[in-house]
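Shown next: coords_32.csv, given as CSV, C-alpha atoms.
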chain,number,residue,atom,x,y,z
Y,1446,VAL,CA,-38.1,-20.2,-42.9
Y,1447,LEU,CA,-38.5,-16.8,-41.3
Y,1448,GLY,CA,-41.3,-18.1,-39.0
Y,1449,ALA,CA,-39.0,-20.9,-37.8
Y,1450,LEU,CA,-36.4,-18.3,-36.6
Y,1451,ASN,CA,-38.9,-16.8,-34.2
Y,1452,GLY,CA,-38.2,-19.2,-31.3
Y,1453,LYS,CA,-35.1,-18.6,-29.1
Y,1454,GLU,CA,-32.5,-21.3,-29.7
Y,1455,ALA,CA,-33.8,-21.8,-33.3
Y,1456,ARG,CA,-31.6,-23.7,-35.7
Y,1457,VAL,CA,-32.9,-23.4,-39.2
Y,1458,ALA,CA,-31.3,-25.0,-42.4
Y,1459,LEU,CA,-32.5,-24.0,-45.8
Y,1460,LYS,CA,-31.4,-25.9,-48.9
Y,1461,ALA,CA,-32.6,-24.0,-52.0
Y,1462,ALA,CA,-31.9,-23.6,-55.7
Y,1463,ASN,CA,-29.7,-20.8,-57.0
Y,1464,GLY,CA,-31.7,-17.7,-57.7
Y,1465,SER,CA,-34.5,-18.6,-55.2
Y,1466,GLY,CA,-34.0,-15.6,-53.0
Y,1467,LYS,CA,-32.0,-17.1,-50.1
Y,1468,THR,CA,-29.8,-14.0,-49.8
Y,1469,SER,CA,-32.0,-11.2,-51.1
Y,1470,VAL,CA,-35.2,-12.3,-49.4
Y,1471,ILE,CA,-34.6,-14.7,-46.6
Y,1472,ALA,CA,-31.3,-13.4,-45.2
Y,1473,ALA,CA,-32.0,-9.7,-45.7
Y,1474,SER,CA,-35.5,-10.1,-44.1
Y,1475,ALA,CA,-34.1,-12.1,-41.1
Y,1476,VAL,CA,-31.4,-9.5,-40.4
Y,1477,LEU,CA,-33.8,-6.6,-40.4
Y,1478,TRP,CA,-36.5,-8.4,-38.4
Y,1479,HIS,CA,-34.0,-9.4,-35.7
Y,1480,MET,CA,-32.6,-5.9,-35.4
Y,1481,VAL,CA,-36.0,-4.3,-35.1
Y,1482,ARG,CA,-37.5,-7.1,-32.9
Y,1483,PHE,CA,-34.7,-7.4,-30.4
Y,1484,PRO,CA,-33.2,-4.0,-29.2
Y,1485,GLU,CA,-29.5,-3.9,-28.6
Y,1486,SER,CA,-29.1,-7.3,-30.3
Y,1487,LEU,CA,-26.4,-8.5,-32.7
Y,1488,VAL,CA,-26.6,-10.2,-36.1
Y,1489,VAL,CA,-23.5,-11.7,-37.6
Y,1490,THR,CA,-23.6,-12.7,-41.2
Y,1491,THR,CA,-21.0,-14.7,-43.0
Y,1492,ALA,CA,-20.4,-16.8,-46.1
Y,1493,GLY,CA,-17.7,-19.0,-47.6
Y,1494,VAL,CA,-16.4,-16.0,-49.5
Y,1495,TRP,CA,-16.4,-12.3,-48.9
Y,1496,ARG,CA,-17.8,-11.7,-52.4
Y,1497,GLN,CA,-21.1,-13.2,-51.2
Y,1498,VAL,CA,-21.4,-10.9,-48.2
Y,1499,GLU,CA,-20.2,-7.8,-49.9
Y,1500,GLY,CA,-21.8,-8.2,-53.3
Y,1501,GLN,CA,-25.1,-10.0,-52.5
Y,1502,LEU,CA,-26.4,-9.5,-48.9
Y,1503,TRP,CA,-25.2,-6.0,-48.0
Y,1504,PRO,CA,-26.4,-4.3,-51.2
Y,1505,ASN,CA,-29.9,-5.9,-50.5
Y,1506,LEU,CA,-29.8,-4.7,-46.9
Y,1507,ARG,CA,-28.9,-1.1,-48.0
Y,1508,LYS,CA,-31.7,-1.2,-50.5
Y,1509,HIS,CA,-34.3,-2.3,-48.0
Y,1510,VAL,CA,-33.0,0.1,-45.3
Y,1511,GLY,CA,-33.4,2.9,-47.8
Y,1512,GLU,CA,-37.1,2.1,-48.0
Y,1513,LEU,CA,-37.6,1.7,-44.3
Y,1514,GLY,CA,-37.2,5.4,-43.3
Y,1515,SER,CA,-34.9,7.0,-40.7
Y,1516,GLY,CA,-33.1,5.3,-37.8
Y,1517,TRP,CA,-30.7,3.2,-39.8
Y,1518,ARG,CA,-26.9,3.7,-40.4
Y,1519,THR,CA,-25.0,1.5,-42.8
Y,1520,THR,CA,-21.4,1.0,-44.0
Y,1521,SER,CA,-20.0,-1.5,-46.4
Y,1522,ASN,CA,-20.3,-4.3,-43.8
Y,1523,GLU,CA,-22.1,-2.9,-40.8
Y,1524,LEU,CA,-25.7,-1.9,-40.1
Y,1525,GLU,CA,-27.0,-0.1,-37.0
Y,1526,TYR,CA,-30.6,0.6,-36.0
Y,1527,ARG,CA,-31.7,3.4,-33.6
Y,1528,ASN,CA,-32.7,0.8,-30.9
Y,1529,GLY,CA,-29.0,-0.2,-30.5
Y,1530,SER,CA,-29.1,-3.3,-32.6
Y,1531,ARG,CA,-26.4,-3.9,-35.1
Y,1532,ALA,CA,-25.4,-6.3,-37.9
Y,1533,ILE,CA,-22.0,-7.2,-39.1
Y,1534,GLY,CA,-21.0,-9.0,-42.3
Y,1535,PHE,CA,-17.6,-10.7,-42.8
Y,1536,SER,CA,-16.0,-13.9,-44.0
Y,1537,THR,CA,-13.0,-15.9,-42.8
Y,1538,ASN,CA,-11.6,-19.4,-43.1
Y,1539,GLU,CA,-9.9,-19.2,-39.6
Y,1540,ALA,CA,-12.0,-20.3,-36.6
Y,1541,GLY,CA,-10.1,-18.0,-34.3
Y,1542,LYS,CA,-11.2,-15.0,-36.2
Y,1543,PHE,CA,-14.8,-16.0,-36.1
Y,1544,GLU,CA,-15.0,-16.4,-32.3
Y,1545,GLY,CA,-15.9,-13.6,-29.9
Y,1546,TRP,CA,-19.4,-12.8,-31.0
Y,1547,HIS,CA,-21.8,-13.0,-28.0
Y,1548,ARG,CA,-25.5,-12.6,-27.2
Y,1549,GLN,CA,-26.3,-9.0,-26.6
Y,1550,GLY,CA,-28.9,-6.6,-25.2
Y,1551,PRO,CA,-31.5,-7.0,-22.5
Y,1552,THR,CA,-32.9,-10.1,-24.3
Y,1553,GLU,CA,-29.5,-11.6,-25.0
Y,1554,ASN,CA,-30.0,-12.2,-28.7
Y,1555,LEU,CA,-27.5,-13.2,-31.3
Y,1556,LEU,CA,-28.6,-14.2,-34.8
Y,1557,THR,CA,-25.9,-15.9,-36.9
Y,1558,ILE,CA,-26.6,-16.3,-40.6
Y,1559,VAL,CA,-24.3,-18.5,-42.7
Y,1560,ASP,CA,-24.9,-18.0,-46.5
Y,1561,GLU,CA,-23.6,-20.4,-49.1
Y,1562,ALA,CA,-23.0,-22.7,-46.1
Y,1563,LYS,CA,-21.9,-25.6,-48.2
Y,1564,THR,CA,-18.6,-23.7,-48.8
Y,1565,VAL,CA,-18.0,-22.8,-45.1
Y,1566,PRO,CA,-15.3,-24.9,-43.4
Y,1567,ASP,CA,-16.4,-27.1,-40.5
Y,1568,CYS,CA,-14.0,-25.2,-38.2
Y,1569,ILE,CA,-16.1,-22.1,-38.7
Y,1570,PHE,CA,-19.3,-24.0,-37.8
Y,1571,ASP,CA,-17.4,-25.2,-34.6
Y,1572,ALA,CA,-16.5,-21.5,-33.8
Y,1573,ILE,CA,-20.2,-20.5,-34.4
Y,1574,ALA,CA,-21.3,-23.2,-31.9
Y,1575,ARG,CA,-18.9,-21.8,-29.3
Y,1576,CYS,CA,-20.4,-18.3,-29.8
Y,1577,GLN,CA,-23.8,-19.9,-28.8
Y,1578,PRO,CA,-26.1,-17.9,-31.0
Y,1579,SER,CA,-29.7,-17.6,-29.9
Y,1580,ARG,CA,-30.7,-18.2,-33.5
Y,1581,LEU,CA,-28.8,-19.8,-36.3
Y,1582,LEU,CA,-29.8,-19.8,-40.0
Y,1583,VAL,CA,-27.6,-21.8,-42.4
Y,1584,MET,CA,-28.6,-21.8,-46.1
Y,1585,SER,CA,-27.1,-22.8,-49.4
Y,1586,SER,CA,-27.7,-24.5,-52.7
Y,1587,PRO,CA,-27.1,-28.2,-52.5
Y,1588,GLY,CA,-23.5,-29.3,-52.5
Y,1589,ALA,CA,-21.2,-32.2,-51.6
Y,1590,SER,CA,-22.3,-35.1,-49.4
Y,1591,ALA,CA,-20.0,-34.0,-46.6
Y,1592,GLY,CA,-19.6,-31.1,-44.1
Y,1593,SER,CA,-21.7,-29.4,-41.5
Y,1594,PHE,CA,-24.3,-28.0,-43.9
Y,1595,TYR,CA,-24.9,-31.5,-45.4
Y,1596,GLU,CA,-25.1,-33.0,-41.9
Y,1597,ALA,CA,-27.9,-30.5,-40.9
Y,1598,PHE,CA,-30.0,-32.5,-43.4
Y,1599,THR,CA,-28.7,-35.9,-42.6
Y,1600,LYS,CA,-27.0,-37.0,-39.3
Y,1601,GLN,CA,-27.9,-33.9,-37.4
Y,1602,ARG,CA,-31.4,-33.5,-38.9
Y,1603,LYS,CA,-33.2,-33.8,-35.5
Y,1604,SER,CA,-31.3,-30.7,-34.2
Y,1605,TRP,CA,-32.5,-28.5,-37.1
Y,1606,GLU,CA,-35.7,-27.3,-38.7
Y,1607,ASN,CA,-35.1,-28.1,-42.3
Y,1608,PHE,CA,-36.5,-26.5,-45.5
Y,1609,THR,CA,-35.9,-27.4,-49.1
Y,1610,VAL,CA,-36.9,-25.3,-52.1
Y,1611,THR,CA,-36.3,-27.0,-55.5
Y,1612,ALA,CA,-35.8,-25.2,-58.8
Y,1613,PHE,CA,-39.3,-26.4,-59.8
Y,1614,GLN,CA,-40.7,-24.3,-57.0
Y,1615,CYS,CA,-39.0,-21.1,-58.2
Y,1616,PRO,CA,-40.2,-18.8,-61.0
Could you show the structure in this file as structure tokens?
Amino acid sequence: VLGALNGKEARVALKAANGSGKTSVIAASAVLWHMVRFPESLVVTTAGVWRQVEGQLWPNLRKHVGELGSGWRTTSNELEYRNGSRAIGFSTNEAGKFEGWHRQGPTENLLTIVDEAKTVPDCIFDAIARCQPSRLLVMSSPGASAGSFYEAFTKQRKSWENFTVTAFQCP
């Protein structure tokens, strides 16, 4: 999954069992990699509910940053690296509040991560598309047979690099 994010314009969809490390391993690693790899870039993380961002992803980011040494500054929902990169975490159900994030820095990079994507309304996916991220990672446990996350594995499959991790593949 992380390797698939390397290419510019990457669209990666991960469907994985609960407790498989989507947030703590994949999302946290992707945020930190992007910030270090692309100076002055931006990472926007979101989820269907603020609790997922605040209670899952950001505690993991703070833990990892604490082990990486100096050069990092963190708040409850923002992270900055000494090379000018930053990450922001938030959640909204209103498309208008999601818009406005743009590619940044000399390499014009914007990574958008949608956690628990099955619960994110389609209007937010539309707003994300208008922001034109250079990399997009959507991930969730399986859910209903409808919505943008479901379509990444069905009707829109050719536009995504898809990964599935079953409960049988997790310790």
Pick from Y:Gln1501, Y:Thr1552, Y:Ser1474, Y:Thr1490, whichever lies nearest to Leu1513 (chain Y) using all atoms listed in the file: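 The closest residue to Leu1513 (chain Y) is Y:Ser1474.
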Between CA of Glu1606 (chain Y) and CA of Ala1591 (chain Y), what is the distance, to one decimal in Å?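 Separating CA of Glu1606 (chain Y) from CA of Ala1591 (chain Y) is a distance of 18.8 Å.
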Calculated over only C-alpha atoms, which of the candidates Y:Ala1589, Y:Leu1450, Y:Ala1572, Y:Met1584 has the smallest distance to Arg1482 (chain Y)?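 Comparing Y:Ala1589, Y:Leu1450, Y:Ala1572, Y:Met1584 against Arg1482 (chain Y), the winner is Y:Leu1450.
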Rounded to one decimal place, report the CA of Glu1454 (chain Y)-CA of Gln1614 (chain Y) distance in Å.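 Atom-to-atom, CA of Glu1454 (chain Y) and CA of Gln1614 (chain Y) are spaced 28.7 Å apart.
Here CA of Ala1562 (chain Y) stands at a distance of 13.8 Å from CA of Asn1607 (chain Y).
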Across Y:Leu1581, Y:Val1498, Y:Met1480, Y:Ile1569, the smallest distance to Gly1452 (chain Y), with all atoms listed in the file counted, is shown by Y:Leu1581
